[in-house]
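Participant: Here you go, start-v8.cif (mmCIF, C-alpha atoms):
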data_query
loop_
_atom_site.label_atom_id
_atom_site.label_comp_id
_atom_site.auth_asym_id
_atom_site.auth_seq_id
_atom_site.Cartn_x
_atom_site.Cartn_y
_atom_site.Cartn_z
CA MET A 1189 4.50 -45.50 56.75
CA ASN A 1190 7.31 -42.99 56.77
CA LEU A 1191 7.56 -39.34 57.62
CA ASP A 1192 8.67 -37.04 54.84
CA PHE A 1193 12.37 -36.65 54.36
CA LEU A 1194 12.48 -33.24 56.03
CA THR A 1195 9.67 -32.91 58.55
CA ILE A 1196 9.40 -30.98 61.77
CA ASP A 1197 7.54 -33.41 63.96
CA PRO A 1198 6.54 -32.19 67.44
CA GLY A 1199 6.29 -35.75 68.78
CA THR A 1200 9.84 -36.57 67.76
CA ILE A 1201 11.06 -33.28 69.22
CA LEU A 1202 9.34 -34.00 72.51
CA PHE A 1203 10.69 -37.55 72.67
CA THR A 1204 14.18 -36.43 71.69
CA LEU A 1205 14.05 -33.81 74.43
CA ILE A 1206 13.12 -36.48 76.96
CA ASN A 1207 15.76 -38.86 75.57
CA THR A 1208 18.43 -36.17 75.73
CA LEU A 1209 17.44 -35.47 79.31
CA LEU A 1210 17.66 -39.20 80.11
CA ILE A 1211 21.10 -39.58 78.58
CA PHE A 1212 22.21 -36.41 80.39
CA LEU A 1213 20.98 -37.85 83.70
CA ALA A 1214 22.81 -41.11 82.98
CA PHE A 1215 26.04 -39.19 82.39
CA LYS A 1216 25.56 -36.92 85.38
CA PHE A 1217 24.55 -39.49 87.96
CA ILE A 1218 26.44 -42.53 86.77
CA LEU A 1219 29.66 -41.37 85.15
CA PHE A 1220 30.37 -37.90 86.48
CA LYS A 1221 29.07 -38.35 90.01
CA ARG A 1222 30.97 -41.59 90.57
CA VAL A 1223 34.18 -40.44 88.95
CA ASP A 1224 34.04 -37.12 90.80
CA ALA A 1225 33.60 -39.00 94.07
CA ILE A 1226 36.57 -41.25 93.29
CA LEU A 1227 38.73 -38.29 92.23
CA ALA A 1228 37.81 -36.38 95.40
CA GLN A 1229 38.52 -39.45 97.51
CA ARG A 1230 41.88 -39.93 95.82
CA GLN A 1231 42.70 -36.25 96.32
CA GLN A 1232 41.88 -36.60 99.98
CA GLU A 1233 44.01 -39.72 100.28
CA VAL A 1234 46.90 -37.95 98.60
CA THR A 1235 46.51 -34.99 100.93
CA SER A 1236 46.38 -37.20 104.00
CA THR A 1237 49.39 -39.18 102.77
CA TYR A 1238 51.34 -35.96 102.32
CA THR A 1239 50.29 -34.78 105.77
CA ALA A 1240 51.35 -38.09 107.29
CA ALA A 1241 54.67 -37.92 105.47
CA ASP A 1242 55.24 -34.35 106.66
CA ASP A 1243 54.40 -35.37 110.21
CA ALA A 1244 56.76 -38.33 110.02
CA LEU A 1245 59.51 -36.07 108.71
CA LYS A 1246 58.90 -33.57 111.48
CA SER A 1247 58.96 -36.20 114.21
CA ALA A 1248 62.07 -37.76 112.68
CA LYS A 1249 63.80 -34.37 112.78
CA ALA A 1250 62.68 -33.84 116.37
CA ASN A 1251 63.99 -37.30 117.29
CA GLN A 1252 67.27 -36.56 115.58
CA GLU A 1253 67.65 -33.34 117.51
CA SER A 1254 66.80 -34.95 120.81
CA TYR A 1255 69.24 -37.80 120.09
CA ALA A 1256 71.95 -35.32 119.24
CA GLN A 1257 71.24 -33.47 122.45
CA LYS A 1258 71.28 -36.67 124.45
CA LEU A 1259 74.49 -37.73 122.77
CA ALA A 1260 76.13 -34.40 123.59
CA GLY A 1261 74.87 -34.73 127.17
CA ALA A 1262 76.26 -38.27 127.36
CA LYS A 1263 79.63 -37.08 126.10
CA ASP A 1264 79.76 -34.33 128.70
CA GLU A 1265 78.73 -36.74 131.38
CA ALA A 1266 81.35 -39.26 130.32
CA ALA A 1267 84.03 -36.58 130.35
CA GLU A 1268 82.90 -35.50 133.80
CA ILE A 1269 82.90 -39.07 135.10
CA ILE A 1270 86.36 -39.63 133.71
CA SER A 1271 87.74 -36.43 135.21
CA ARG A 1272 86.11 -37.20 138.52
CA ALA A 1273 87.55 -40.72 138.46
CA GLU A 1274 90.94 -39.33 137.55
CA LYS A 1275 90.80 -36.87 140.44
CA LYS A 1276 89.68 -39.56 142.80
CA ALA A 1277 92.40 -41.92 141.63
CA GLN A 1278 94.97 -39.19 142.00
CA LEU A 1279 93.72 -38.46 145.48
CA GLU A 1280 93.73 -42.10 146.48
CA GLY A 1281 97.12 -42.66 144.93
CA ASP A 1282 98.50 -39.73 146.87
CA LEU A 1283 96.96 -41.05 150.02
CA ILE A 1284 98.39 -44.51 149.49
CA LEU A 1285 101.75 -43.06 148.68
CA ALA A 1286 101.72 -40.94 151.81
CA GLN A 1287 100.65 -43.91 153.88
CA ALA A 1288 103.37 -46.02 152.35
CA ARG A 1289 105.90 -43.34 153.07
CA THR A 1290 104.77 -43.11 156.70
CA GLU A 1291 104.80 -46.85 157.01
CA ALA A 1292 108.24 -47.09 155.49
CA ALA A 1293 109.50 -44.42 157.83
CA ASP A 1294 107.96 -46.25 160.76
CA THR A 1295 109.50 -49.50 159.69
CA ARG A 1296 112.85 -47.82 159.28
CA GLU A 1297 112.60 -46.25 162.70
CA LYS A 1298 111.52 -49.50 164.28
CA ALA A 1299 114.28 -51.36 162.55
CA ALA A 1300 116.80 -48.78 163.68
CA ALA A 1301 115.47 -48.95 167.24
CA ALA A 1302 115.58 -52.72 167.20
CA THR A 1303 119.12 -52.67 165.86
CA ALA A 1304 120.19 -50.21 168.49
CA ARG A 1305 118.52 -52.21 171.16
CA GLU A 1306 120.11 -55.41 170.01
CA ALA A 1307 123.44 -53.74 169.73
CA ALA A 1308 123.09 -52.48 173.27
CA GLN A 1309 122.04 -55.91 174.42
CA ALA A 1310 124.93 -57.51 172.58
CA LYS A 1311 127.24 -54.91 174.00
CA ALA A 1312 125.99 -55.62 177.47
CA ALA A 1313 126.29 -59.39 176.97
CA LEU A 1314 129.73 -58.95 175.50
CA GLN A 1315 130.80 -56.77 178.41
CA GLY A 1316 129.59 -59.45 180.80
CA GLU A 1317 131.38 -62.16 178.93
CA ILE A 1318 134.52 -60.10 178.54
CA SER A 1319 134.61 -59.58 182.24
CA ASP A 1320 133.98 -63.32 182.77
CA LEU A 1321 136.72 -64.13 180.33
CA ALA A 1322 139.05 -61.67 182.02
CA VAL A 1323 138.29 -63.31 185.27
CA GLU A 1324 138.77 -66.72 183.71
CA LEU A 1325 141.99 -65.60 182.06
CA ALA A 1326 143.26 -64.24 185.32
CA GLN A 1327 142.42 -67.52 187.00
CA LYS A 1328 144.21 -69.40 184.38
CA ILE A 1329 147.17 -67.14 184.62
CA MET A 1330 147.07 -67.59 188.32
CA GLU A 1331 146.91 -71.33 188.02
CA LYS A 1332 150.11 -71.70 186.11
CA GLU A 1333 153.25 -69.99 185.20
CA ILE A 1334 152.97 -69.24 181.75
CA SER A 1335 155.50 -68.93 179.06
CA LYS A 1336 155.64 -66.36 176.44
CA ALA A 1337 154.31 -68.99 174.09
CA ASP A 1338 151.54 -69.87 176.39
CA HIS A 1339 150.79 -66.26 176.79
CA ASP A 1340 150.49 -65.77 173.09
CA ARG A 1341 148.36 -68.86 172.72
CA LEU A 1342 146.07 -67.74 175.47
CA ILE A 1343 145.58 -64.38 173.90
CA GLU A 1344 144.95 -66.08 170.59
CA GLU A 1345 142.37 -68.38 172.15
CA PHE A 1346 140.76 -65.47 173.85
CA MET A 1347 140.55 -63.51 170.68
CA GLN A 1348 139.02 -66.50 168.92
CA GLU A 1349 136.55 -66.95 171.67
CA ILE A 1350 135.54 -63.31 171.39
CA GLN A 1351 135.22 -63.73 167.69
CA THR A 1352 132.98 -66.80 167.93
CA GLU A 1353 130.93 -65.12 170.58
CA GLY A 1354 130.58 -62.09 168.37
CA GLU A 1355 129.60 -64.24 165.42
CA GLN A 1356 127.06 -66.14 167.48
CA ALA A 1357 125.65 -62.88 168.71
CA MET B 504 10.62 -31.42 44.34
CA GLN B 505 11.69 -34.50 46.16
CA ILE B 506 14.94 -36.37 46.02
CA ARG B 507 13.27 -39.32 44.37
CA ASP B 508 12.49 -37.09 41.40
CA PHE B 509 16.16 -37.26 40.49
CA PHE B 510 15.94 -41.00 39.96
CA ARG B 511 12.76 -41.23 38.02
CA GLY B 512 13.26 -43.41 35.04
CA SER B 513 15.40 -45.99 36.80
CA PRO B 514 13.63 -49.35 36.87
CA ASP B 515 13.93 -50.00 40.64
CA GLY B 516 14.20 -46.36 41.60
CA ILE B 517 15.67 -45.31 44.85
CA ASP B 518 13.86 -43.44 47.52
CA VAL B 519 15.32 -41.51 50.42
CA LYS B 520 12.60 -41.54 53.05
CA GLY B 521 12.11 -39.96 56.41
CA PRO B 522 12.04 -42.11 59.54
CA GLY B 523 9.40 -44.79 59.73
CA VAL B 524 6.42 -44.23 62.02
CA LEU B 525 5.73 -47.19 64.28
CA CYS B 526 2.53 -45.83 65.76
CA SER B 527 0.91 -42.46 66.27
CA PHE B 528 -1.69 -41.09 68.62
CA GLU B 529 -3.51 -37.84 69.16
CA VAL B 530 -2.95 -35.75 72.26
CA GLY B 531 -5.07 -32.63 72.41
CA GLY B 532 -5.33 -32.35 68.66
CA VAL B 533 -1.57 -32.81 68.08
CA THR B 534 -0.44 -36.00 66.36
CA ILE B 535 2.38 -37.61 68.31
CA ASN B 536 4.37 -40.03 66.18
CA LEU B 537 6.47 -42.75 67.69
CA THR B 538 9.12 -42.92 65.00
CA GLU B 539 12.13 -45.07 64.26
CA THR B 540 14.30 -42.22 65.55
CA VAL B 541 12.74 -42.35 69.01
CA VAL B 542 12.90 -46.13 69.35
CA ILE B 543 16.53 -46.26 68.21
CA SER B 544 17.26 -43.46 70.71
CA TRP B 545 15.86 -45.63 73.49
CA GLY B 546 18.20 -48.40 72.42
CA ILE B 547 21.08 -45.93 72.48
CA ILE B 548 20.10 -44.70 75.96
CA LEU B 549 19.94 -48.25 77.24
CA ALA B 550 23.31 -49.16 75.70
CA VAL B 551 25.01 -45.99 76.94
CA THR B 552 23.58 -46.43 80.43
CA LEU B 553 24.82 -50.02 80.57
CA LEU B 554 28.21 -48.94 79.24
CA LEU B 555 28.49 -46.21 81.88
CA LEU B 556 27.46 -48.64 84.63
CA TRP B 557 30.09 -51.07 83.43
CA LEU B 558 32.76 -48.36 83.21
CA THR B 559 32.11 -47.02 86.69
CA HIS B 560 31.52 -50.37 88.35
CA GLY B 561 33.76 -51.10 91.35
CA MET B 562 35.97 -48.02 91.14
CA LYS B 563 38.90 -47.69 93.52
CA THR B 564 41.43 -45.01 94.37
CA LYS B 565 44.46 -47.24 93.84
CA ASN B 566 45.44 -50.00 91.39
CA ILE B 567 42.71 -48.94 89.03
CA SER B 568 41.44 -51.05 86.17
CA LYS B 569 41.59 -50.06 82.50
CA ARG B 570 37.84 -49.42 82.57
CA GLN B 571 38.31 -46.92 85.34
CA VAL B 572 41.18 -45.27 83.49
CA ALA B 573 38.81 -44.86 80.55
CA ALA B 574 36.03 -43.48 82.77
CA GLU B 575 38.37 -41.01 84.48
CA TRP B 576 39.85 -40.00 81.15
CA ILE B 577 36.40 -39.23 79.72
CA VAL B 578 35.41 -37.17 82.74
CA THR B 579 38.65 -35.20 83.04
CA THR B 580 38.83 -34.60 79.28
CA VAL B 581 35.28 -33.25 79.13
CA TYR B 582 35.91 -31.09 82.20
CA GLY B 583 39.07 -29.76 80.57
CA LEU B 584 37.27 -29.04 77.30
CA VAL B 585 34.37 -27.28 79.01
CA GLU B 586 36.64 -25.24 81.30
CA ASP B 587 38.90 -24.23 78.43
CA THR B 588 36.03 -23.17 76.20
CA MET B 589 33.54 -21.76 78.68
CA GLY B 590 35.47 -20.93 81.83
CA LYS B 591 35.66 -22.59 85.23
CA HIS B 592 32.18 -21.53 86.38
CA TRP B 593 30.65 -23.65 83.59
CA ARG B 594 32.24 -26.82 84.96
CA SER B 595 28.86 -28.29 85.90
CA PHE B 596 27.88 -28.08 82.23
CA ALA B 597 30.29 -30.92 81.40
CA PRO B 598 27.81 -33.82 81.82
CA TYR B 599 25.45 -32.22 79.30
CA ILE B 600 28.25 -31.76 76.79
CA ALA B 601 29.35 -35.37 77.27
CA ALA B 602 25.75 -36.56 76.88
CA LEU B 603 25.17 -34.45 73.78
CA PHE B 604 28.39 -35.61 72.15
CA THR B 605 27.64 -39.25 72.93
CA PHE B 606 24.04 -39.04 71.76
CA SER B 607 25.09 -37.32 68.54
CA ILE B 608 27.95 -39.67 67.68
CA THR B 609 26.10 -42.87 68.57
CA GLY B 610 23.04 -41.48 66.78
CA SER B 611 25.16 -41.18 63.63
CA LEU B 612 27.04 -44.44 64.08
CA VAL B 613 23.96 -46.67 64.43
CA SER B 614 23.92 -46.58 60.63
CA MET B 615 26.86 -48.96 60.77
CA LEU B 616 24.54 -51.50 62.43
CA GLY B 617 22.16 -51.12 59.48
CA LEU B 618 19.78 -48.89 61.45
CA ARG B 619 18.59 -45.48 60.40
CA SER B 620 20.77 -42.72 61.86
CA VAL B 621 19.00 -40.77 64.59
CA THR B 622 20.76 -37.65 63.37
CA ALA B 623 19.44 -38.22 59.85
CA ASP B 624 16.08 -37.15 61.27
CA PHE B 625 16.05 -33.35 61.31
CA ASN B 626 14.08 -33.35 64.55
CA ALA B 627 16.96 -34.70 66.61
CA PRO B 628 19.59 -32.03 65.80
CA LEU B 629 16.78 -29.47 65.85
CA THR B 630 15.91 -30.45 69.44
CA TRP B 631 19.53 -30.12 70.52
CA ALA B 632 19.88 -26.80 68.72
CA LEU B 633 16.73 -25.56 70.49
CA ILE B 634 18.19 -26.62 73.84
CA THR B 635 21.34 -24.66 72.96
CA PHE B 636 19.13 -21.71 71.90
CA VAL B 637 17.38 -21.74 75.28
CA PHE B 638 20.72 -21.92 77.08
CA ILE B 639 22.13 -19.03 75.03
CA HIS B 640 19.25 -16.70 75.82
CA GLY B 641 18.85 -17.92 79.41
CA THR B 642 22.52 -17.23 80.06
CA ASN B 643 22.32 -13.88 78.37
CA ILE B 644 19.35 -12.79 80.50
CA LYS B 645 20.88 -14.24 83.66
CA THR B 646 24.21 -12.47 83.29
CA HIS B 647 23.17 -9.21 81.64
CA GLY B 648 19.72 -8.79 83.18
CA LEU B 649 16.58 -8.56 81.07
CA GLY B 650 17.29 -4.92 80.24
CA GLY B 651 20.84 -5.63 79.18
CA TYR B 652 19.65 -8.60 77.15
CA LEU B 653 17.03 -6.59 75.28
CA LYS B 654 19.48 -3.74 74.81
CA GLY B 655 21.78 -6.21 73.06
CA TYR B 656 19.32 -6.33 70.17
CA VAL B 657 19.64 -2.62 69.41
CA ASP B 658 23.42 -2.64 69.61
CA PRO B 659 25.26 -0.79 68.24
CA VAL B 660 22.39 1.13 66.53
CA PRO B 661 18.62 0.49 66.66
CA VAL B 662 18.59 -0.13 62.91
CA MET B 663 20.37 -3.40 63.63
CA LEU B 664 17.31 -4.82 65.46
CA PRO B 665 15.95 -6.98 62.61
CA ILE B 666 19.43 -8.19 61.68
CA ASN B 667 20.17 -9.08 65.29
CA ILE B 668 16.90 -11.00 65.63
CA LEU B 669 17.60 -12.80 62.38
CA SER B 670 21.10 -13.67 63.55
CA GLU B 671 19.75 -15.12 66.80
CA VAL B 672 17.17 -17.21 64.98
CA ALA B 673 19.77 -18.30 62.44
CA THR B 674 21.92 -19.87 65.15
CA PRO B 675 19.77 -22.95 65.93
CA VAL B 676 18.69 -23.26 62.31
CA SER B 677 22.26 -23.33 61.03
CA MET B 678 23.42 -25.65 63.80
CA SER B 679 20.68 -28.20 63.26
CA LEU B 680 20.76 -28.06 59.47
CA ARG B 681 24.54 -28.41 59.42
CA HIS B 682 24.40 -31.58 61.50
CA PHE B 683 21.38 -32.98 59.72
CA GLY B 684 22.73 -32.11 56.28
CA ASN B 685 26.08 -33.76 56.84
CA VAL B 686 24.63 -37.00 58.13
CA VAL B 687 21.81 -37.22 55.66
CA SER B 688 24.06 -36.38 52.72
CA GLY B 689 26.24 -39.30 53.75
CA MET B 690 23.16 -41.48 53.85
CA VAL B 691 22.01 -40.27 50.43
CA ILE B 692 25.43 -40.68 48.87
CA THR B 693 25.73 -44.19 50.30
CA SER B 694 22.29 -45.07 48.90
CA LEU B 695 23.23 -43.65 45.50
CA LEU B 696 26.46 -45.56 45.53
CA TYR B 697 24.74 -48.84 46.37
CA PHE B 698 22.24 -48.19 43.65
CA ALA B 699 24.93 -47.38 41.11
CA LEU B 700 27.14 -50.28 42.07
CA SER B 701 24.33 -52.79 41.95
CA ALA B 702 23.35 -51.39 38.54
CA VAL B 703 26.93 -51.96 37.36
CA THR B 704 26.92 -55.42 38.89
CA LYS B 705 23.72 -56.23 37.05
CA ALA B 706 25.23 -54.99 33.80
CA ILE B 707 28.49 -56.94 33.97
CA GLY B 708 27.31 -59.80 36.15
CA VAL B 709 30.20 -59.68 38.66
CA ALA B 710 29.59 -58.51 42.23
CA PHE B 711 33.10 -57.41 43.16
CA LEU B 712 32.37 -53.66 43.14
CA THR B 713 29.88 -53.79 45.97
CA ILE B 714 32.47 -55.30 48.30
CA GLY B 715 35.22 -52.75 49.11
CA ILE B 716 34.03 -49.36 47.90
CA PRO B 717 30.99 -48.89 50.19
CA ALA B 718 33.12 -49.75 53.22
CA VAL B 719 35.65 -47.00 52.44
CA LEU B 720 32.88 -44.44 51.92
CA SER B 721 31.12 -45.60 55.04
CA LEU B 722 34.36 -45.02 56.95
CA TYR B 723 34.27 -41.39 55.90
CA PHE B 724 30.53 -40.67 56.02
CA ASP B 725 29.69 -42.64 59.13
CA LEU B 726 32.80 -42.60 61.30
CA PHE B 727 34.63 -39.41 60.36
CA SER B 728 31.64 -37.26 59.54
CA GLY B 729 29.70 -38.57 62.54
CA PHE B 730 32.56 -37.72 64.85
CA MET B 731 33.18 -34.34 63.23
CA GLN B 732 29.57 -33.26 63.37
CA ALA B 733 29.20 -34.30 67.00
CA PHE B 734 32.35 -32.40 67.85
CA VAL B 735 31.35 -29.33 65.86
CA PHE B 736 27.95 -29.36 67.52
CA ILE B 737 29.29 -29.42 71.09
CA MET B 738 32.00 -26.85 70.30
CA LEU B 739 29.41 -24.48 68.82
CA THR B 740 27.08 -25.05 71.74
CA MET B 741 29.85 -24.19 74.20
CA ALA B 742 31.06 -21.23 72.16
CA TYR B 743 27.60 -19.68 71.75
CA ILE B 744 26.66 -20.12 75.41
CA SER B 745 30.05 -18.87 76.54
CA ASN B 746 29.64 -15.84 74.26
CA ALA B 747 26.30 -15.04 75.85
CA ASP B 748 27.85 -15.25 79.32
CA GLY B 749 28.52 -11.71 80.56
CA ARG B 750 31.05 -13.03 83.07
CA ASN B 751 33.38 -14.02 80.24
CA GLU B 752 33.52 -10.48 78.89
CA ALA B 753 36.78 -8.82 79.68
#
Take the structure I supplied and represent it as structure tokens, if you would.

Facilitator:
Amino acid sequence: MNLDFLTIDPGTILFTLINTLLIFLAFKFILFKRVDAILAQRQQEVTSTYTAADDALKSAKANQESYAQKLAGAKDEAAEIISRAEKKAQLEGDLILAQARTEAADTREKAAAATAREAAQAKAALQGEISDLAVELAQKIMEKEISKADHDRLIEEFMQEIQTEGEQA
Amino acid sequence: MQIRDFFRGSPDGIDVKGPGVLCSFEVGGVTINLTETVVISWGIILAVTLLLLWLTHGMKTKNISKRQVAAEWIVTTVYGLVEDTMGKHWRSFAPYIAALFTFSITGSLVSMLGLRSVTADFNAPLTWALITFVFIHGTNIKTHGLGGYLKGYVDPVPVMLPINILSEVATPVSMSLRHFGNVVSGMVITSLLYFALSAVTKAIGVAFLTIGIPAVLSLYFDLFSGFMQAFVFIMLTMAYISNADGRNEA
């Protein structure tokens, strides 16, 4: 049995209404709800990714600035250390130089004193010896008549003796 | 006069019938027929539901599958269409438009499986046109108020009242008859063609004509016309409802 070609059938209208509602519900609660949820979730992920990226950028910039500051500080500090070291070295060098000068002066003075002392000693010894020699020479002269030749020889010997004595001293 | 009257005199005759009735029962004096149209619609609902479940199964936010691309494309395209035609505040209307379009196009395309088109039963497009009719007037009353709505019938002059009423009633009638007429004419033409071709085959005894020609016509009447009518129907639905929406008036 068939309906007529063009019939308005309340049963079919009712069923079609229900069927349309069913297919609408399927679209709404299966396709649209799920896809909407996924799209929203993706949007949220994108937003959070952007936020994280912005944060990372910000912290990177902050780090960069702090490093630059630290670097500048380190440079200043290094310069200060170097200048301090230079000053200290200069000071120490001056001190050492002054000390050395004093020491050298001392040494010179001591050496001069020693030389003078020795010279005095030598002089004294020589004076003693000269007087001994004079005495000895006189004795010798007394002991024998001496010729002009002897006389010359004696003087020569005496002079030599003085010389050797002086050299030994 | 019935369509079969045109073919009287042919030995086999051809008959373009309405949908078959599987069973009928009485509810409060009204005969409720369970027709071919309704049963095929159930099959369509089942198939569409399964398809949607498959499309939206295991969706992720990253590394998405082709199914999910398709699902997201459908949703965003329908949203775009609805927002462009009706405005952003009609966004929640998108699932109905998608459902209507799908029901209409699958209802026409089942003919390719050898079933009777759901849309070749006048009651189906009539139901959808009535839904649209209710939406049009509901929206009109909601956005203009009952007074504003009733005043619309005597605009611009009270003489226009009957014409305005006629124009409102004409909307669902024209929508449903346009859809029904297009699909059913395709069905009739295809039947005529088969009849004619088999007559020719009988006359010359070679069956080559029935092979390619019906397929080409089916491509137009089933695929193209089915798609066009579904599209026209949803576009008209959106345009009429959007027109009735006072918020869209500049």

Participant: Show me, as a CSV table (one decimal) with C-alpha atoms, keeping the file's coordinate frame, the residues of chain B whose atoms get within 7 Å of chain A, using only C-alpha atoms for the distance check.

Facilitator:
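In the end it all went to selection.csv:
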chain,number,residue,atom,x,y,z
B,519,VAL,CA,15.3,-41.5,50.4
B,520,LYS,CA,12.6,-41.5,53.0
B,521,GLY,CA,12.1,-40.0,56.4
B,522,PRO,CA,12.0,-42.1,59.5
B,523,GLY,CA,9.4,-44.8,59.7
B,524,VAL,CA,6.4,-44.2,62.0
B,535,ILE,CA,2.4,-37.6,68.3
B,536,ASN,CA,4.4,-40.0,66.2
B,538,THR,CA,9.1,-42.9,65.0
B,541,VAL,CA,12.7,-42.4,69.0
B,544,SER,CA,17.3,-43.5,70.7
B,548,ILE,CA,20.1,-44.7,76.0
B,552,THR,CA,23.6,-46.4,80.4
B,555,LEU,CA,28.5,-46.2,81.9
B,556,LEU,CA,27.5,-48.6,84.6
B,559,THR,CA,32.1,-47.0,86.7
B,563,LYS,CA,38.9,-47.7,93.5
B,564,THR,CA,41.4,-45.0,94.4
B,575,GLU,CA,38.4,-41.0,84.5
B,578,VAL,CA,35.4,-37.2,82.7
B,598,PRO,CA,27.8,-33.8,81.8
B,599,TYR,CA,25.4,-32.2,79.3
B,602,ALA,CA,25.8,-36.6,76.9
B,625,PHE,CA,16.0,-33.4,61.3
B,626,ASN,CA,14.1,-33.4,64.6
B,627,ALA,CA,17.0,-34.7,66.6
B,630,THR,CA,15.9,-30.4,69.4

Participant: Could you jot down the CA of His682 (chain B) to CA of Gly617 (chain B) separation for me, Å, one decimal place?

Facilitator: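 So the two atoms, CA of His682 (chain B) and CA of Gly617 (chain B), lie 19.8 Å apart.
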
Participant: Expand the PyMOL selection byres ((chain B and resi 732-749) around 7) into the individual residues it matches in the shown file, reporting them as a list in words.

Facilitator: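 Output of the PyMOL selection byres ((chain B and resi 732-749) around 7): Thr588, Met589, Ile600, Phe604, Ser607, Ile608, Thr635, Phe638, Ile639, Thr642, Asn643, Thr646, His647, Met678, His682, Ser728, Gly729, Phe730, Met731, Arg750, Asn751 and Glu752 of chain B.
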
Participant: Kindly export the residues of the current selection with C-alpha atoms, as an mmCIF file, in the frame of the given file.

Facilitator:
data_model
loop_
_atom_site.group_PDB
_atom_site.id
_atom_site.type_symbol
_atom_site.label_atom_id
_atom_site.label_comp_id
_atom_site.auth_asym_id
_atom_site.auth_seq_id
_atom_site.Cartn_x
_atom_site.Cartn_y
_atom_site.Cartn_z
ATOM 1 C CA THR B 588 36.030 -23.170 76.200
ATOM 2 C CA MET B 589 33.540 -21.760 78.680
ATOM 3 C CA ILE B 600 28.250 -31.760 76.790
ATOM 4 C CA PHE B 604 28.390 -35.610 72.150
ATOM 5 C CA SER B 607 25.090 -37.320 68.540
ATOM 6 C CA ILE B 608 27.950 -39.670 67.680
ATOM 7 C CA THR B 635 21.340 -24.660 72.960
ATOM 8 C CA PHE B 638 20.720 -21.920 77.080
ATOM 9 C CA ILE B 639 22.130 -19.030 75.030
ATOM 10 C CA THR B 642 22.520 -17.230 80.060
ATOM 11 C CA ASN B 643 22.320 -13.880 78.370
ATOM 12 C CA THR B 646 24.210 -12.470 83.290
ATOM 13 C CA HIS B 647 23.170 -9.210 81.640
ATOM 14 C CA MET B 678 23.420 -25.650 63.800
ATOM 15 C CA HIS B 682 24.400 -31.580 61.500
ATOM 16 C CA SER B 728 31.640 -37.260 59.540
ATOM 17 C CA GLY B 729 29.700 -38.570 62.540
ATOM 18 C CA PHE B 730 32.560 -37.720 64.850
ATOM 19 C CA MET B 731 33.180 -34.340 63.230
ATOM 20 C CA ARG B 750 31.050 -13.030 83.070
ATOM 21 C CA ASN B 751 33.380 -14.020 80.240
ATOM 22 C CA GLU B 752 33.520 -10.480 78.890
#

Participant: Quick one: residues within 8 Å of region 1317-1325 of chain A, only C-alpha atoms counted, chain neighbours fewer than 3 positions away excluded, as a ChimeraX atom specification?

Facilitator: /A:1313-1314,1328-1329,1346,1350

Participant: Output C-alpha atoms for every residue in that selection, as a PDB file, in the coordinates of the input.

Facilitator:
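Output file result-v9.pdb follows:
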ATOM      1  CA  ALA A1313     126.290 -59.390 176.970  1.00  0.00           C
ATOM      2  CA  LEU A1314     129.730 -58.950 175.500  1.00  0.00           C
ATOM      3  CA  LYS A1328     144.210 -69.400 184.380  1.00  0.00           C
ATOM      4  CA  ILE A1329     147.170 -67.140 184.620  1.00  0.00           C
ATOM      5  CA  PHE A1346     140.760 -65.470 173.850  1.00  0.00           C
ATOM      6  CA  ILE A1350     135.540 -63.310 171.390  1.00  0.00           C
TER       7      ILE A1350
END

Participant: Hey, could you pull the box centre and edge lengths for region 627-640 of chain B, axis-aligned, 3 Å padding per side, all listed atoms, to one decimal in Å, as JSON?

Facilitator:
{"center_x": 19.0, "center_y": -25.7, "center_z": 71.4, "size_x": 12.2, "size_y": 24.0, "size_z": 17.3}

Participant: So which one's closest to Glu539 (chain B), B:Val551, B:Ala699, B:Leu603, B:Leu525? Using all atoms listed in the file, please.

Facilitator: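 Result for the nearest residue to Glu539 (chain B): B:Leu525.
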
Participant: Quick one: pull the distance between CA of Asp624 (chain B) and CA of Trp545 (chain B), Å, one decimal.

Facilitator: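 These atoms are spaced 14.9 Å apart.
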
Participant: In Å, rounded to a single decimal, give me how far CA of Lys1263 (chain A) is from CA of Ala1277 (chain A).

Facilitator: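 So the two atoms, CA of Ala1277 (chain A) and CA of Lys1263 (chain A), lie 20.7 Å apart.
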